[in-house]
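Asker: First, the structure itself, so that you have it in front of you.
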Amino acid sequence: MPQEPSPQQISEQKIYREMGLIPDEYNRIVELLGRQPNYTETGIFAVMWSEHCSYKNSKPLLKLFPTEGSQVLQGPGEGAGIVDIGDGWAVVFKVESHNHPTAVEPYQGAATGVGGILRDIFSMGARPIALMNSLRFGTLDKAHNRYLLSHAVSGIAAYGNCIGVPTVGGEIFLETCYDENPLVNVFCLGIVKHDQIQHGKASGQGNPILYLGNATGRDGIHGATFASEELSEGSASKRPAVQVGDPFAGKRLLQACLEIYQTGTVVSVQDMGAAGLTCSSIEMGFKGKTGIDLNLDKVPRRAESMTAYEIMLSESQERMLFVIEKGRESEVQKICDKWELPNAIVGEVTNSQHLSLFQDGQLVANLPLNACCELTPVYQREGNPPEKETLPKNSSPEKEPENYLAALKQLLVHPNISDKSWVYQQYDSMVGTQTAQGPGGDAAVIILEECQKALAISMDGNSRYVVLDPYLGGMITVAEAARNVVCAGGRPLALTDGLNYGSPEKPEIFWQMQESVRAMAEACEFLSLPVTGGNVSLYNESRGEAIYPTPIIGMVGLIENLNHITPSNFQSRGDQIWLLGETFAELGGSCYQEIRSGKIFGNAPKLALDQEKRLQEAVLVAIESGLVSSAHDLSLGGLAVALVKASSEFFTASVSFESVLRADEFLFSESQSRILISIASQFSASLQSIMAEHKIPSMMIGEVVSDQFSISFNDELLIEDQIQSLKACWRNGFRDYFTKT
Amino acid sequence: MHCAVLVFPGSNCDVDLYKVILQIKGATAEYVWHTDTDLDRFDVLLIPGGFSYGDYLRPGALAGVSPVIASVKKAANSGKLVLGICNGFQILIEAGLLPGALLPNQSLQFICDVVPVKVTQSESPFTSSYQLGDILRLPIAHGSGNYYCDEATHKELKSNGQIAFSFTPENNPNGSDAGITGLLNEQRNVLGMMPHPERAVKQWLGSTDGLGLFQSMLEHHTA
């Protein structure tokens, strides 16, 4: 076995650089320790101080988010945020990214993302009941992108299906900027009784530390550091930094943990995720203001002669670390044995404020906990707007389309708009029998029979708006996610964010982060939505090109009365169709603009937060008054696409309207703060008075019919077709890329 | 009617099945761990869906030789009702209680959907509350549900009336031979099926067509 470099060699030959530390950071470590760190210690610092664990580049921005509210039981800082939903119940949720691993090994990269977010949720004591995901890949005309997407989807499906937690929804967007650098953001939500909530605070000197789950191997070493670098030609050689998932072990670990919580012996528990044993033990000790002694000889291993460095930095999956009440170990170990999971007492809680590692009877590392967690570097990066290309200000195409039906069909077959059931039919969306609305709608709806309530959950993000205008785009991300939850009948409660950007060291990228985070924080503040946690993924670049700034929101809303669950498609013939909100000539960043011009330019749609808030409130009042048959958010593709999507083979729309806008602007504009609803005709007056009271412009545009889909504009019949033919375009546009090539 | 809900490491639909049984008046349920072998106290044995033993080797292959299955075989031979859903169906086939094989879906992908399922045998303890030819809307969620058997077996299944449920020719999602997706043993006290009746028991789940199956079993038990 080759000798590890000595502390002196690490310093002189700058070996720390290979682990992701820069000279300034290394010198700071030497100063904090009062000596040169050895190889294991340097590795531990490298992962604890990586962006992934320390948020050293994003901390100053994350501070902007409102994190408090009467409903918040646990804000950022633990495995996941916790929000009260009444009657002694709470929901636990978080989003996590697995972008870099997916770029080099899409199946395992995406699968272990699901495994990781699940453990984040059940490490809080909760039973996971819903998964979602937000995917960004390159365009499907390229075979490599189809490979990455289809394998990532298989990986997500394999893990979620096997562990038995339904994948109830999500979203997918394709754009060339994600060609080499796809994004996989996974979301999980669990439910827990208040008195069952677990924390990751190691306390009680002498309490044993229990390792539970798969044995530790040499996989995923330095995964957290890898995730904090730009992708390069050599990234494929980092495949060993990608972990391998074992959903069957994950399932047994989940069941075992839920049983162990019932014993009441658990002092503290933390998932071994990024940076494995290192991060979990250090964070538990730090949060508990205690100390941790670990005997590495006791750690279950799957490879021989592993070094302390390898054991500490391995990211082998499906592992948890517990602190158990002293004397009650056997109660817990009986459960571990029932589920046939490796387990061992690997150490104990001390009061040293240090992490002390022992191997072969020697002290092999001894680090102050605060140096790893609290005294981490923080970088105040500089942000500067990029020089703007001079593109036409007017975002509308020069001419109207000659054939509106053809223009609509072009939108419907576009992979970004068309039906994604080829993807979500690979996910079991129904296991657990709690799914009232699965994938495909504005928001997923999960019924909690325990408390006769429901949750509406939505994941959203539109990076085109953010790249055109990071401030507006950031606000829209929050507003749209909330609007989707409202359409399903939910009152938005709180959210989790997945922030995906390029390198923060570039001023124009940091400017995108600054502007969009500032805007998201303002929107959250205005809409009274606390952020309970999330994930930051930086350095999403390849060949020097950054992705579009891509903040993703996972929004959770509460439906107090099950009668208020609202579908997004039309329900009965003869219902009136109403357009709420105002339409402007806003084609900047729209799907229509991209199809007509081959690029996006101009301004992102504008957003007024007070208007948005009033619209959401008005629609909730209408839903809670029992007026609304269906509600659908207007987003990609605008009004015309929404009308087709809200249609089924039985019920479709016949609408007509007048406007001073050009017809294509009216039909395809992606103006914000608009919702399409259908109501029984006798509710028309009540609806109007609710809208008037909330100062929301509303327009009755037509009715639900069961024959032809039709749109008339300024007294001219623009579009008329069988709904089946339009639906066929919508159903096949995305699917055909995978089934016909 | 006292029902055993078998639980293997990797079972996922055990809780869903348990909840349905509790929803039915006159029925009770109890979980049974895969290493237990005493099933005498039960009237009905339910084998839930999921990924028993992680689907390692083949779906159902390891569960098919687990300790509890030896007792299931005995119970089946004594005439007790045995219902296997999804992975449960795969286990019954692997255990040799039903003939044929369940291959990977034709698309080689996992499929989750709600599909029309035709009742092709209403004279059984599991299907008596349906009419022959009824089209049920039932969820499916599986990677290996593509039923296959040789010609001789197929003939026998048909002449014995063992085919309980079939996909319609227009809507055969996984490529099963003749659309077969629910199979009885010759004595008709063992049923394996790929669709999930336990996921179609409430209006808000999208269908209540699965309830008939559990009601049939209860009627058979109380008759």
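The chains in the structure tokens are called A, B, ... from first to last as shown; in each chain the residues are counted from 1, and the ligands are counted from 1 in the order shown.
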Any idea what's packed within 12 Å of Ala70 of chain B, counting only C-alpha atoms, ignoring anything in its chain fewer than 3 positions away? Could you give it as a PyMOL selection string?

Answerer: chain B and resi 34-39+63-67+73-77+91-92+95-97

Asker: Determine, for each residue of chain B having at least one atom at most 6 Å from an atom of chain A, the closest pair of atoms and their separation in Å to one decimal, counting only C-alpha atoms; order by chain and ascending number, as a Markdown table.

Answerer:
| residue | atom | partner | partner_atom | distance |
| --- | --- | --- | --- | --- |
| B:Asn12 | CA | A:Gly164 | CA | 5.0 |
| B:Asp16 | CA | A:Gly432 | CA | 5.9 |
| B:Phe51 | CA | A:Cys162 | CA | 5.7 |
| B:Gly54 | CA | A:Phe248 | CA | 4.7 |
| B:Phe110 | CA | A:Gln426 | CA | 4.8 |
| B:Ile111 | CA | A:Gln426 | CA | 5.1 |
| B:Cys112 | CA | A:Gln425 | CA | 4.8 |
| B:Ala141 | CA | A:Asp428 | CA | 5.9 |
| B:Arg199 | CA | A:Thr433 | CA | 5.9 |
| B:Trp204 | CA | A:Ala436 | CA | 5.6 |
| B:Leu205 | CA | A:Ala436 | CA | 5.4 |

Asker: By how many Å are atom CA of Lys202 of chain B and atom CA of Phe214 of chain B apart?

Answerer: 13.3 Å

Asker: If DSSP is run on the backbone, what residues of segment 13-202 of chain A are helix (DSSP H, G or I)? A reply as a ChimeraX atom specification would be ideal.

Answerer: /A:15-19,23-33,39-48,51-54,59-62,99-104,106-122,143-163,176-178,194-196

Asker: Considering only C-alpha atoms, state which residue in the set B:Phe89, B:Gly145, B:Gln121, B:Ser71 is at the smallest distance from Leu102 of chain B.

Answerer: B:Gly145

Asker: Lys118 of chain B: which residues within 12 Å, counting only C-alpha atoms, same-chain residues fewer than 6 positions away excluded, as a PyMOL selection string?

Answerer: chain B and resi 127+130-138+163-172+178-182+195+209

Asker: Among segment 356-409 of chain A, which ones does DSSP place in strand (DSSP E), written as a list in words?

Answerer: Ser356, Leu357, Phe358, Gln359, Gln362, Leu363, Val364, Ala365, Asn366, Leu367 and Pro368 of chain A

Asker: How would the residues just chosen look if you wrote them out with N, CA and C atoms as a JSON list (two decimals), in the first residue's frame?

Answerer:
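File again_23.json, as written:
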[["chain", "number", "residue", "atom", "x", "y", "z"],
["A", 356, "SER", "N", -12.62, 12.96, 17.18],
["A", 356, "SER", "CA", -11.37, 12.21, 17.37],
["A", 356, "SER", "C", -11.54, 10.84, 16.75],
["A", 357, "LEU", "N", -10.62, 10.51, 15.83],
["A", 357, "LEU", "CA", -10.72, 9.23, 15.12],
["A", 357, "LEU", "C", -9.60, 8.31, 15.57],
["A", 358, "PHE", "N", -9.98, 7.07, 15.85],
["A", 358, "PHE", "CA", -8.99, 6.07, 16.28],
["A", 358, "PHE", "C", -8.97, 4.92, 15.30],
["A", 359, "GLN", "N", -7.75, 4.47, 15.00],
["A", 359, "GLN", "CA", -7.61, 3.30, 14.15],
["A", 359, "GLN", "C", -6.41, 2.50, 14.68],
["A", 362, "GLN", "N", -4.59, 3.90, 17.56],
["A", 362, "GLN", "CA", -3.91, 5.20, 17.42],
["A", 362, "GLN", "C", -4.93, 6.31, 17.18],
["A", 363, "LEU", "N", -4.62, 7.48, 17.69],
["A", 363, "LEU", "CA", -5.42, 8.65, 17.34],
["A", 363, "LEU", "C", -4.96, 9.11, 15.95],
["A", 364, "VAL", "N", -5.84, 9.01, 14.95],
["A", 364, "VAL", "CA", -5.41, 9.30, 13.57],
["A", 364, "VAL", "C", -5.91, 10.65, 13.06],
["A", 365, "ALA", "N", -6.84, 11.24, 13.77],
["A", 365, "ALA", "CA", -7.29, 12.59, 13.42],
["A", 365, "ALA", "C", -7.94, 13.19, 14.63],
["A", 366, "ASN", "N", -7.76, 14.49, 14.80],
["A", 366, "ASN", "CA", -8.34, 15.16, 15.96],
["A", 366, "ASN", "C", -8.63, 16.60, 15.56],
["A", 367, "LEU", "N", -9.91, 16.87, 15.31],
["A", 367, "LEU", "CA", -10.26, 18.18, 14.75],
["A", 367, "LEU", "C", -11.31, 18.88, 15.58],
["A", 368, "PRO", "N", -11.12, 20.17, 15.84],
["A", 368, "PRO", "CA", -12.17, 20.93, 16.53],
["A", 368, "PRO", "C", -13.40, 21.05, 15.63]]

Asker: Check the smallest atom-to-atom distance from each of B:Ile69, B:Val115, B:Met1, B:Ala101 to Asp150 of chain B using only C-alpha atoms, then report the winner.

Answerer: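 Of B:Ile69, B:Val115, B:Met1, B:Ala101, the one nearest Asp150 of chain B, counting only C-alpha atoms, is B:Ala101.
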
Asker: List the neighbours of Ala653 of chain A out to 9 Å using only C-alpha atoms; skip same-chain residues closer than 4 positions along the sequence, and give me the result as a list in words.

Answerer: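 The neighbour list is Phe570, Ile577, Leu643, Val644, Ala646, Ser647, Gly702, Glu703, Val704, Val705, Ser706, Asp707, Gln708, Phe709, Ser710, Ile711 and Ile723 of chain A.
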
Asker: Set the distance at 8 Å and use only C-alpha atoms: which residues neighbour segment 516-523 of chain A once local chain neighbours fewer than 3 positions away are removed? I'd like the list as a list in words.

Answerer: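 With the cut-off at 8 Å, the set is Leu61, Leu62, Leu64, Phe65, Pro66, Val466, Pro470, Tyr471, Leu472, Gly473, Gly474, Met475, Thr477, Val478, Ala479, Gln512, Met513, Phe526, Leu527, Pro551 and Leu609 of chain A.
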
Asker: Quick one: pull the distance between atom CA of Val413 of chain A and atom CA of Gly637 of chain A, Å, one decimal.

Answerer: 11.2 Å

Asker: Kindly give the distance, in Å, that separates atom CA of Leu83 of chain B and atom CA of Tyr31 of chain B, rounded to a single decimal.

Answerer: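 Rounded to one decimal, the two atoms are 14.5 Å apart.
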
Asker: From the options B:Ser144, B:Glu123, B:Tyr53, B:Thr28, which residue's atoms come nearest to Gln109 of chain B, counting only C-alpha atoms?

Answerer: B:Ser144
